[in-house]
Amino acid sequence: MKIMNMVKAINDALDLKLKEDKSIVVYGEDVGVEGGVFRVTEGLQQKHGADRVFDSPLAESTIIGSAIGMAVAGMRPVVEIQFSGFAYPAFDQMVSHLARMRNRTRGKYTTPAVVRMPYGGGINALEMHSESMEAFYGHTPGLKVVIPSTPYDAKGLLVSAIESEDPVIFMEPKRIYRAIKQEVPEELYSIPIGKAKVVSPGTDITVVAYGAMVREAQKAAALAEKEGISVELIDLRTIYPLDRETIVESVKKTGRVAVVAEGPTTFGVGAEITALVNEGAFLSMEAPPKRITGFDTLVPYPQGEHFYMQSPEKILFEIIDTMNY
Amino acid sequence: MKIMNMVKAINDALDLKLKEDKSIVVYGEDVGVEGGVFRVTEGLQQKHGADRVFDSPLAESTIIGSAIGMAVAGMRPVVEIQFSGFAYPAFDQMVSHLARMRNRTRGKYTTPAVVRMPYGGGINALEMHSESMEAFYGHTPGLKVVIPSTPYDAKGLLVSAIESEDPVIFMEPKRIYRAIKQEVPEELYSIPIGKAKVVSPGTDITVVAYGAMVREAQKAAALAEKEGISVELIDLRTIYPLDRETIVESVKKTGRVAVVAEGPTTFGVGAEITALVNEGAFLSMEAPPKRITGFDTLVPYPQGEHFYMQSPEKILFEIIDTMNY
Amino acid sequence: MFDVYHPTKKELFQIMDNEGKVINKEWFPKIDDSTLLKAYKELVFARAADLMIVSYQRQGRIYTYPPGYGQEAVSEAVAVQMKKEDWVVPAFRELPLYLAKGASLKDVFKFYMGDEKGAGWSNAKNMLPISVPIATQLPHAVGLGYSLKYNKKDNVVYAFVGDGGTSTGDFHEAMNFAAVWKVPVVFIVQNNQFAISVPFETQTGTDTIAIKSVAYGMPGLRVDGNDFFAMYKAIEQASEHARSGKGAVLIEAVTYRRGAHTTSDDPYKYRTKEEEELWEKKDPVKRLKAYLITNKLWTEEEDDRHIKACKKEVDKLFIETEQELSYELDEVFDHLYSELPDDLEKQKARYKAFLEWKAKRK
Amino acid sequence: MFDVYHPTKKELFQIMDNEGKVINKEWFPKIDDSTLLKAYKELVFARAADLMIVSYQRQGRIYTYPPGYGQEAVSEAVAVQMKKEDWVVPAFRELPLYLAKGASLKDVFKFYMGDEKGAGWSNAKNMLPISVPIATQLPHAVGLGYSLKYNKKDNVVYAFVGDGGTSTGDFHEAMNFAAVWKVPVVFIVQNNQFAISVPFETQTGTDTIAIKSVAYGMPGLRVDGNDFFAMYKAIEQASEHARSGKGAVLIEAVTYRRGAHTTSDDPYKYRTKEEEELWEKKDPVKRLKAYLITNKLWTEEEDDRHIKACKKEVDKLFIETEQELSYELDEVFDHLYSELPDDLEKQKARYKAFLEWKAKRK
Ligand SMILES: Cc1ncc(C[n+]2csc(CCOP(=O)(O)OP(=O)(O)O)c2C)c(N)n1
Ligand SMILES: Cc1ncc(C[n+]2csc(CCOP(=O)(O)OP(=O)(O)O)c2C)c(N)n1
Ligand SMILES: [Mg+2]
Ligand SMILES: [Mg+2]
């Protein structure tokens with residue numbers, strides 16, 4: 001075991017997998033020489049060579065498009081999009097090809113590529129650097145969407161993503177890239193994609209979160225505890241395919257649910273969780289599911305970002321509201 | 001009044017607005033000389049000149065990107081994306097600029113452009129020609145998303161879209177481009193964006209639909225009638241901003257709701273309708289909202305499309321199921 | 001050769017004239033007679049199939065189809081000299097090449113009859129499916145090229161796109177990546193003068209496509225795409241260049257789509273009969289046939305017989321395909337992921353429940 | 001001029017050397033002394049501001065900032081000769097130009113302090129905001145150009161992008177549209193040798209950016225971007241071309257980003273001190289100053305005084321901005337749509353309810 005932050009844990013997963021499997025290559029803007037603007041790929045080029053870890057020209061569509069070609073040819077590309085807000089030029093490649101090649105060719109050609117992208121707010125960044133638009137990818141048939149919330153999960157989930165036979169959009173909560181440190185095994189291990197995790201059990205209300213919001217929800221749960229409310233906190237870990245069962249079972253027990261997510265509310269993750277709870281635990285529901293999610297606005301520039309971001313107190317406010325329903 | 005199909009009604013709206021307002025231009029691939037692959041812009045170049053109605057190179061990103069520039073400069077571009085499945089190369093321009101320019105500049109620069117795109121299945125087309133991904137746009141803060149279901153609505157809503165100070169994604173259900181004929185006023189009129197329409201009142205269950213699905217839902221409602229089920233059918237007309245009130249009021253009365261939509265279920269329109277009903281009419285709900293929506297798959301090629309598309313019978317099946325809850 | 005016909009000179013590389021007479025001996029390729037005849041027969045077969053698919057479409061036995069009529073020599077020039085492990089990245093009008101790569105015509109039929117089972121070319125090795133979104137396949141070609149280079153194979157990637165496709169961002173990005181990464185990709189632009197109704201002059205600001213190679217520091221060549229020998233030589237040179245590790249090449253094949261854009265299109269909205277007649281004279285099959293007959297490699301009688309045989313074969317395969325056609329619910333669900341996710345499992349089960357209900361109801 | 005320095009010749013258009021000596025009299029532009037001094041003073045002001053913003057950032061008084069240090073002459077050459085109604089479409093390193101266009105330095109501060117109120121350049125006419133997603137602004141320039149042409153105005157659009165930006169699809173599409181539509185856009189590529197850590201050779205397959213103009217049938221010119229006179233002349237010629245209805249032009253301004261990519265970047269990861277020193281010799285402000293002093297238009301004393309005055313002015317404005325800084329909840333909601341949709345109204349109200357609850361709770 002070694003103390004790692006998320007940056008190191010991801011780096012470690014890449015390093016170990018690069019060592020193990022020669023079909024893996026890692027590339028993207030500034031990924032090679034510089035080791036990424038967040039230093040996630042630091043040292044990997046020196047260790048594994050410039051034909052395996054390298055810089056690409058500034059063009060997201062062909063970063064992902066070329067990865068599709070490599071994957072079809074049997075390689076395992078792990079590409080980085082510098083910020084999720086710059087993935088949109090590649091949206092067509094993701095929606096039209098990355099997600100579709102297997103289905104289109106009845107499994108003859110597959111695209112087991114991983115697209116890593118830091119996402120989310122809270123780092124006082126310029127516009128387009130703080131998005132949480134995971135629902136776009138969750139709504140795209142053919143993709144898997146994974147979001148870790150801790151260094152330990154980041155390593156284990158990334159290993160699974162790389163080993164997955166399906167394309168995975170791997171979104172990294174950059175806000176907690178270095179904020180959480182944790183004991184992480186030095187060897188390879190994997191955490192299954194598609195399984196949520198009950199972070200802490202509780203009896204009064206289920207709170208569903210993922211990415212950087214898990215930590216906020218944990219703090220909120222502690223505050224709620226003081227108010228006599230027992231929160232069952234679930235970390236989604238995977239946005240698609242959703243682990244509906246874990247959530248439904250929890251809500252059957254608690255009768256109440258709140259979703260904490262950064263992205264815009266409408267057509268967002270909170271809506272889908274609401275729907276699945278309705279479909280799976282209708283008769284247990286004692287209050288309407290609560291969406292503690294982003295405004296239907298842009299993420300404000302840093303001066304206004306605090307209005308937009310979820311805080312433990314705001315989560316508590318909504319939990320109490322739901323308890324009082 | 002004149003009998004028109006949807007193609008003619010849209011053509012009429014464009015023609016009248018082009019005549020009225022010199023700041024309007026209409027362009028896109030094959031829009032000018034040919035009059036569009038669906039003939040929606042037929043005759044407009046001859047009438048209004050090649051500097052106002054014209055063909056563009058094959059490049060969706062710059063079709064929409066250039067429209068942003070024109071709109072900022074005070075023009076009113078109405079651009080066509082040939083099929084909604086080819087809008088993804090322009091996704092970045094829509095998400096990062098079309099939707100954001102007003103907010104970014106605190107209203108100094110605005111982008112009152114209309115992006116028309118035929119969408120939806122049921123025409124036995126090749127891959128990428130049958131998508132219903134309106135949830136992508138509905139989830140994008142800064143856009144309005146409008147979908148007509150009849151010739152009359154198409155004309156009136158398009159006029160509103162062109163007159164709107166905000167950018168509008170105008171999605172046209174190509175499956176019923178020529179299938180429905182109706183009396184349509186020859187003069188200009190507008191239908192407000194953001195207001196749903198109660199197509200037919202009922203007491204047992206609310207069915208929410210839009211675009212080509214309204215017609216299927218109408219047929220289903222007729223079948224349900226025979227089974228003794230009274231359906232209140234609502235045509236959303238606008239995907240964002242949603243007319244939550246009309247739906248909530250209806251469900252308060254009926255206690256049950258089903259959503260009919262072509263797009264994938266997960267993170268789709270059905271989820272959002274479920275959430276808004278929970279939030280607005282929780283205590284009136286007698287059954288979980290039903291999503292009669294697309295599989296989380298690609299739209300199959302024509303031989304398999306019938307499995308994917310909603311039919312009156314399938315809608316009835318789910319309505320009965322919800323009534324029996 | 002790339003210097004002699006440098007794109008800045010704006011010359012068109014040709015070897016034979018419209019009557020099949022060799023006008024440029026210097027660059028005449030070395031092809032033995034049997035290969036040449038094979039190529040011609042394949043051309044004729046593809047043309048027969050193409051025309052018949054259009055007529056099946058008219059009969060309502062197939063959905064929308066984009067004919068390759070008039071452009072066949074471009075992809076046949078690749079077909080006849082590619083290696084087994086070379087990759088083909090199609091646009092959607094390269095019928096002779098699909099067949100030469102091992103695709104069964106039945107798969108082509110299935111695809112245009114609306115069945116995914118035809119899309120992946122089940123019998124062919126190393127060929128991507130037809131690309132519906134224009135030019136989006138070119139980045140894939142770069143990735144395939146990278147894999148060849150990475151694995152030190154001496155194969156190449158043949159990537160096709162149309163004149164319209166050169167306006168897209170993906171065209172540019174792929175060309176630039178290919179140049180920077182020095183990958184073995186031969187980009188072939190089939191400049192057939194139109195993108196649906198939009199003529200070349202409305203599509204791009206240059207007189208040629210070949211000149212665009214200059215922007216990538218890549219060899220480029222403007223070739224008469226209806227001149228089989230010129231196309232053959234161009235592909236030979238480009239392949240050699242790419243195969244030997246010197247990087248990518250851009251070939252502009254000047255040709256003409258003699259048919260409609262697709263069976264849903266009406267060309268008379270945007271072009272004239274005169275123009276069509278002009279290009280009829282330059283027809284690639286006609287020209288190669290003239291060469292073969294002049295050089296006593298082929299006769300009119302053989303030609304008639306071959307055409308008839310082709311048509312018969314095509315029709316036999318088509319009828320078989322019609323009979324084999326089937327589409328189960330599983331097809332909708334089972335190929336999207338490596339394992340069926342729970343959600344899809346449930347959605348499938350739900351649909352089956354509906355079918356049962358429906359059956360009972362009647 | 002575009003023929004004389006045709007990009008296929010791969011020449012660099014220069015007028016003065018590193019010591020400010022005129023080495024190319026033939027193309028020396030006509031600028032009167034007062035305009036020249038104005039330009040120089042603006043350069044110095046922008047540089048002072050730029051350097052001070054970096055130091056404010058170090059002090060934690062501003063967020064991430066991308067310095068323009070070393071590239072100032074490129075945009076100043078536009079600043080000093082553009083017309084009032086000309087459009088400016090920035091990338092994000094054109095500080096002298098923003099100010100000349102009428103933007104207040106306070107807006108620049110606000111933007112980098114994280115306040116949207118600075119983004120729209122409240123006092124400036126016809127200038128788009130800084131473009132965060134690289135090169136995506138270029139299609140907007142085409143649309144602005146179309147509107148000028150459509151409305152028969154003799155204005156032009158100056159659109160900026162970096163060397164990295166030329167790899168994007170939007171760069172290509174915009175260039176192609178501009179060529180086909182013949183719109184009055186002057187595209188200015190600031191080739192500062194790097195895109196963050198990625199050097200020019202890893203970015204593109206050609207030796208120059210100017211050569212890419214050939215792919216669009218557009219005039220192109222490779223200019224020493226650190227040579228104010230060369231830049232001035234190039235912009236003058238390009239503007240004349242565009243203004244007179246002849247269409248777009250591509251200018252490659254060869255320059256160097258002397259600072260970090262942004263204040264979060266560490267250039268020593270990817271470049272050497274030696275390289276930096278090399279480019280220090282070519283610094284644009286230093287060179288213009290040398291010219292002015294040699295030609296007795298300016299003195300060291302005046303320079304010192306001016307720099308001091310600039311710094312004082314910058315600091316005054318910065319402190320004022322700090323004091324004025326404010327951000328209300330309404331700012332988050334009220335500018336997204338022309339009218340506040342119900343959903344946003346409710347979300348805002350809900351947030352206010354939370355704030356009240358929170359206030360009471362304490
Ligand atoms: C991204 C995208 N936009 C639009 C279309 C619709 N479309 C299909 S073919 C075509 C024209 C293609 O022209 P070209 O590249 O010259 O190929 P050709 O059809 O002439 O072979 C268009 C616009 C598409 N398939 N993909
Ligand atoms: C579409 C997009 N991808 C990635 C980024 C992140 N990014 C910001 S600046 C930059 C490099 C830009 O290089 P260049 O165009 O040469 O401009 P320079 O910074 O050198 O002025 C990158 C990759 C971005 N802003 N937008
Ligand atoms: Mg074409
Ligand atoms: Mg640069």
# chains A, B, ... in the order shown; residues from 1 in each chain; ligands from 1
>>> interface_residues(of="chain A", to="chain C", cutoff="10 Å", atoms="only C-alpha atoms", output="NGL selection string")
:A and (23 or 25 or 51-52 or 56-75 or 77 or 89-90 or 92-93 or 96-97 or 99-110 or 112 or 141-144 or 164-167 or 194 or 240-245)
>>> write_last_selection(atoms="C-alpha atoms", output="PDB file, in the first residue's frame")
ATOM      1  CA  SER A  23      -1.140  -2.938 -27.280  1.00  0.00           C
ATOM      2  CA  VAL A  25      -0.837   3.525 -26.086  1.00  0.00           C
ATOM      3  CA  ASP A  51       5.710   5.572 -29.593  1.00  0.00           C
ATOM      4  CA  ARG A  52       3.524   4.516 -26.676  1.00  0.00           C
ATOM      5  CA  SER A  56      -0.897  14.718 -30.512  1.00  0.00           C
ATOM      6  CA  PRO A  57      -1.780  17.748 -32.570  1.00  0.00           C
ATOM      7  CA  LEU A  58      -4.529  19.955 -31.163  1.00  0.00           C
ATOM      8  CA  ALA A  59      -7.594  18.295 -32.642  1.00  0.00           C
ATOM      9  CA  GLU A  60      -9.963  16.373 -30.440  1.00  0.00           C
ATOM     10  CA  SER A  61     -11.964  14.813 -33.232  1.00  0.00           C
ATOM     11  CA  THR A  62      -8.949  13.037 -34.626  1.00  0.00           C
ATOM     12  CA  ILE A  63      -7.535  12.209 -31.214  1.00  0.00           C
ATOM     13  CA  ILE A  64     -10.607  10.086 -30.663  1.00  0.00           C
ATOM     14  CA  GLY A  65     -11.039   9.193 -34.325  1.00  0.00           C
ATOM     15  CA  SER A  66      -7.524   7.808 -34.552  1.00  0.00           C
ATOM     16  CA  ALA A  67      -8.070   5.883 -31.324  1.00  0.00           C
ATOM     17  CA  ILE A  68     -11.048   4.236 -32.992  1.00  0.00           C
ATOM     18  CA  GLY A  69      -8.818   3.121 -35.854  1.00  0.00           C
ATOM     19  CA  MET A  70      -6.177   1.795 -33.485  1.00  0.00           C
ATOM     20  CA  ALA A  71      -8.748  -0.054 -31.416  1.00  0.00           C
ATOM     21  CA  VAL A  72     -10.262  -1.643 -34.496  1.00  0.00           C
ATOM     22  CA  ALA A  73      -6.771  -2.847 -35.379  1.00  0.00           C
ATOM     23  CA  GLY A  74      -6.412  -4.527 -31.999  1.00  0.00           C
ATOM     24  CA  MET A  75      -4.688  -1.828 -29.974  1.00  0.00           C
ATOM     25  CA  PRO A  77      -5.608   3.385 -26.893  1.00  0.00           C
ATOM     26  CA  PRO A  89     -15.303  18.727 -31.275  1.00  0.00           C
ATOM     27  CA  ALA A  90     -14.979  14.946 -30.895  1.00  0.00           C
ATOM     28  CA  ASP A  92     -19.344  13.106 -33.509  1.00  0.00           C
ATOM     29  CA  GLN A  93     -16.543  10.555 -33.328  1.00  0.00           C
ATOM     30  CA  SER A  96     -21.225   8.085 -34.430  1.00  0.00           C
ATOM     31  CA  HIS A  97     -18.303   5.689 -34.295  1.00  0.00           C
ATOM     32  CA  ALA A  99     -20.186   3.947 -29.599  1.00  0.00           C
ATOM     33  CA  ARG A 100     -21.364   2.228 -32.749  1.00  0.00           C
ATOM     34  CA  MET A 101     -18.604   0.252 -34.405  1.00  0.00           C
ATOM     35  CA  ARG A 102     -19.319  -2.990 -32.571  1.00  0.00           C
ATOM     36  CA  ASN A 103     -23.037  -2.861 -33.227  1.00  0.00           C
ATOM     37  CA  ARG A 104     -22.583  -1.766 -36.805  1.00  0.00           C
ATOM     38  CA  THR A 105     -20.311  -4.687 -37.619  1.00  0.00           C
ATOM     39  CA  ARG A 106     -22.139  -7.221 -35.462  1.00  0.00           C
ATOM     40  CA  GLY A 107     -19.079  -7.505 -33.259  1.00  0.00           C
ATOM     41  CA  LYS A 108     -16.528  -7.994 -36.018  1.00  0.00           C
ATOM     42  CA  TYR A 109     -14.803  -4.729 -35.205  1.00  0.00           C
ATOM     43  CA  THR A 110     -14.759  -3.309 -31.707  1.00  0.00           C
ATOM     44  CA  PRO A 112     -12.094  -0.898 -26.699  1.00  0.00           C
ATOM     45  CA  PRO A 141     -26.115   4.092 -26.642  1.00  0.00           C
ATOM     46  CA  GLY A 142     -22.910   2.106 -26.939  1.00  0.00           C
ATOM     47  CA  LEU A 143     -20.783   3.977 -24.434  1.00  0.00           C
ATOM     48  CA  LYS A 144     -19.942   3.180 -20.845  1.00  0.00           C
ATOM     49  CA  SER A 164     -13.144  -3.487 -20.954  1.00  0.00           C
ATOM     50  CA  GLU A 165     -14.045  -4.729 -24.420  1.00  0.00           C
ATOM     51  CA  ASP A 166     -16.330  -1.707 -24.739  1.00  0.00           C
ATOM     52  CA  PRO A 167     -15.421   1.949 -25.146  1.00  0.00           C
ATOM     53  CA  GLY A 194     -21.599  -0.950 -13.528  1.00  0.00           C
ATOM     54  CA  TYR A 240     -23.939   4.025 -17.643  1.00  0.00           C
ATOM     55  CA  PRO A 241     -24.857   1.241 -17.274  1.00  0.00           C
ATOM     56  CA  LEU A 242     -26.534   2.358 -14.060  1.00  0.00           C
ATOM     57  CA  ASP A 243     -26.661   0.070 -11.056  1.00  0.00           C
ATOM     58  CA  ARG A 244     -30.392   0.480 -10.636  1.00  0.00           C
ATOM     59  CA  GLU A 245     -30.710  -2.359  -8.192  1.00  0.00           C
TER      60      GLU A 245
END
>>> select_by_dssp(residues="range 5-111 of chain B", states="helix (DSSP H, G or I)", output="PyMOL selection string")
chain B and resi 6-20+44-48+60-72+84-86+88-98+101-104
>>> closest_atom_pairs(of="chain B", to="ligand 1", cutoff="12 Å", atoms="only C-alpha atoms and all ligand atoms", output="JSON lines")
{"residue": "B:Gly28", "atom": "CA", "partner": "ligand 1", "partner_atom_place_in_ligand_line": "23 (C)", "distance": 9.5}
{"residue": "B:Glu29", "atom": "CA", "partner": "ligand 1", "partner_atom_place_in_ligand_line": "23 (C)", "distance": 6.0}
{"residue": "B:Asp30", "atom": "CA", "partner": "ligand 1", "partner_atom_place_in_ligand_line": "23 (C)", "distance": 7.4}
{"residue": "B:Val31", "atom": "CA", "partner": "ligand 1", "partner_atom_place_in_ligand_line": "23 (C)", "distance": 10.5}
{"residue": "B:Gly36", "atom": "CA", "partner": "ligand 1", "partner_atom_place_in_ligand_line": "23 (C)", "distance": 10.3}
{"residue": "B:Val37", "atom": "CA", "partner": "ligand 1", "partner_atom_place_in_ligand_line": "6 (C)", "distance": 9.0}
{"residue": "B:Phe38", "atom": "CA", "partner": "ligand 1", "partner_atom_place_in_ligand_line": "6 (C)", "distance": 11.8}
{"residue": "B:Asp55", "atom": "CA", "partner": "ligand 1", "partner_atom_place_in_ligand_line": "23 (C)", "distance": 10.7}
{"residue": "B:Ser56", "atom": "CA", "partner": "ligand 1", "partner_atom_place_in_ligand_line": "23 (C)", "distance": 10.0}
{"residue": "B:Pro57", "atom": "CA", "partner": "ligand 1", "partner_atom_place_in_ligand_line": "23 (C)", "distance": 8.8}
{"residue": "B:Leu58", "atom": "CA", "partner": "ligand 1", "partner_atom_place_in_ligand_line": "23 (C)", "distance": 6.0}
{"residue": "B:Ala59", "atom": "CA", "partner": "ligand 1", "partner_atom_place_in_ligand_line": "3 (N)", "distance": 6.9}
{"residue": "B:Glu60", "atom": "CA", "partner": "ligand 1", "partner_atom_place_in_ligand_line": "3 (N)", "distance": 6.8}
{"residue": "B:Ser61", "atom": "CA", "partner": "ligand 1", "partner_atom_place_in_ligand_line": "1 (C)", "distance": 9.5}
{"residue": "B:Thr62", "atom": "CA", "partner": "ligand 1", "partner_atom_place_in_ligand_line": "1 (C)", "distance": 11.7}
{"residue": "B:Ile63", "atom": "CA", "partner": "ligand 1", "partner_atom_place_in_ligand_line": "3 (N)", "distance": 10.8}
{"residue": "B:Glu80", "atom": "CA", "partner": "ligand 1", "partner_atom_place_in_ligand_line": "4 (C)", "distance": 10.5}
{"residue": "B:Ile81", "atom": "CA", "partner": "ligand 1", "partner_atom_place_in_ligand_line": "4 (C)", "distance": 7.5}
{"residue": "B:Gln82", "atom": "CA", "partner": "ligand 1", "partner_atom_place_in_ligand_line": "4 (C)", "distance": 5.9}
{"residue": "B:Phe83", "atom": "CA", "partner": "ligand 1", "partner_atom_place_in_ligand_line": "4 (C)", "distance": 7.1}
{"residue": "B:Ser84", "atom": "CA", "partner": "ligand 1", "partner_atom_place_in_ligand_line": "3 (N)", "distance": 9.3}
{"residue": "B:Gly85", "atom": "CA", "partner": "ligand 1", "partner_atom_place_in_ligand_line": "2 (C)", "distance": 8.0}
{"residue": "B:Phe86", "atom": "CA", "partner": "ligand 1", "partner_atom_place_in_ligand_line": "1 (C)", "distance": 4.7}
{"residue": "B:Ala87", "atom": "CA", "partner": "ligand 1", "partner_atom_place_in_ligand_line": "1 (C)", "distance": 7.3}
{"residue": "B:Tyr88", "atom": "CA", "partner": "ligand 1", "partner_atom_place_in_ligand_line": "1 (C)", "distance": 8.0}
{"residue": "B:Pro89", "atom": "CA", "partner": "ligand 1", "partner_atom_place_in_ligand_line": "1 (C)", "distance": 6.9}
{"residue": "B:Ala90", "atom": "CA", "partner": "ligand 1", "partner_atom_place_in_ligand_line": "1 (C)", "distance": 9.3}
{"residue": "B:Phe91", "atom": "CA", "partner": "ligand 1", "partner_atom_place_in_ligand_line": "1 (C)", "distance": 11.7}
{"residue": "B:Met117", "atom": "CA", "partner": "ligand 1", "partner_atom_place_in_ligand_line": "4 (C)", "distance": 11.3}
{"residue": "B:Pro118", "atom": "CA", "partner": "ligand 1", "partner_atom_place_in_ligand_line": "6 (C)", "distance": 11.9}
{"residue": "B:Ala125", "atom": "CA", "partner": "ligand 1", "partner_atom_place_in_ligand_line": "25 (N)", "distance": 11.5}
{"residue": "B:Leu126", "atom": "CA", "partner": "ligand 1", "partner_atom_place_in_ligand_line": "25 (N)", "distance": 9.5}
{"residue": "B:Glu127", "atom": "CA", "partner": "ligand 1", "partner_atom_place_in_ligand_line": "25 (N)", "distance": 9.5}
{"residue": "B:Met128", "atom": "CA", "partner": "ligand 1", "partner_atom_place_in_ligand_line": "25 (N)", "distance": 8.1}
{"residue": "B:His129", "atom": "CA", "partner": "ligand 1", "partner_atom_place_in_ligand_line": "25 (N)", "distance": 8.5}
>>> residues_around(residues="Asp265 in chain D", least_positions_apart="5", cutoff="9 Å", atoms="only C-alpha atoms", output="short mmCIF file (atom, residue, chain, number, x, y, z; two decimals) with C-alpha atoms, in the first residue's frame")
data_model
loop_
_atom_site.label_atom_id
_atom_site.label_comp_id
_atom_site.auth_asym_id
_atom_site.auth_seq_id
_atom_site.Cartn_x
_atom_site.Cartn_y
_atom_site.Cartn_z
CA VAL A 37 -1.54 19.70 -17.81
CA ILE D 196 1.26 24.70 -24.45
CA SER D 197 4.12 22.15 -24.46
CA ALA D 260 4.54 30.71 -19.79
#
>>> closest_atom_pairs(of="chain C", to="ligand 3", cutoff="12 Å", atoms="only C-alpha atoms and all ligand atoms", output="CSV")
residue,atom,partner,partner_atom_place_in_ligand_line,distance
C:Pro66,CA,ligand 3,1 (Mg),11.3
C:Pro67,CA,ligand 3,1 (Mg),11.8
C:Gly68,CA,ligand 3,1 (Mg),10.8
C:Gln71,CA,ligand 3,1 (Mg),10.5
C:Ala91,CA,ligand 3,1 (Mg),10.5
C:Phe92,CA,ligand 3,1 (Mg),10.8
C:Arg93,CA,ligand 3,1 (Mg),10.0
C:Ile134,CA,ligand 3,1 (Mg),10.4
C:Ala135,CA,ligand 3,1 (Mg),11.5
C:Phe160,CA,ligand 3,1 (Mg),11.3
C:Val161,CA,ligand 3,1 (Mg),8.3
C:Gly162,CA,ligand 3,1 (Mg),4.6
C:Asp163,CA,ligand 3,1 (Mg),4.6
C:Gly164,CA,ligand 3,1 (Mg),5.3
C:Gly165,CA,ligand 3,1 (Mg),7.6
C:Thr166,CA,ligand 3,1 (Mg),9.5
C:Ser167,CA,ligand 3,1 (Mg),11.0
C:Val189,CA,ligand 3,1 (Mg),8.8
C:Gln190,CA,ligand 3,1 (Mg),6.7
C:Asn191,CA,ligand 3,1 (Mg),5.5
C:Asn192,CA,ligand 3,1 (Mg),4.5
C:Gln193,CA,ligand 3,1 (Mg),5.4
C:Phe194,CA,ligand 3,1 (Mg),4.2
C:Ala195,CA,ligand 3,1 (Mg),4.2
C:Ile196,CA,ligand 3,1 (Mg),6.9
C:Ser197,CA,ligand 3,1 (Mg),9.1
C:Val198,CA,ligand 3,1 (Mg),8.5
C:Pro199,CA,ligand 3,1 (Mg),8.2
C:Phe200,CA,ligand 3,1 (Mg),7.9
C:Glu201,CA,ligand 3,1 (Mg),11.6
C:Thr202,CA,ligand 3,1 (Mg),11.8
C:Gln203,CA,ligand 3,1 (Mg),9.6
C:Thr204,CA,ligand 3,1 (Mg),11.7
C:Ile209,CA,ligand 3,1 (Mg),11.6
C:Glu252,CA,ligand 3,1 (Mg),11.6
C:Ala253,CA,ligand 3,1 (Mg),10.8
C:Val254,CA,ligand 3,1 (Mg),10.0
C:Thr255,CA,ligand 3,1 (Mg),9.0
C:Tyr256,CA,ligand 3,1 (Mg),8.1
C:Arg257,CA,ligand 3,1 (Mg),7.5
C:Arg258,CA,ligand 3,1 (Mg),11.1
C:Gly259,CA,ligand 3,1 (Mg),11.7
C:Ala260,CA,ligand 3,1 (Mg),11.1
C:His261,CA,ligand 3,1 (Mg),8.6
C:Thr262,CA,ligand 3,1 (Mg),11.7
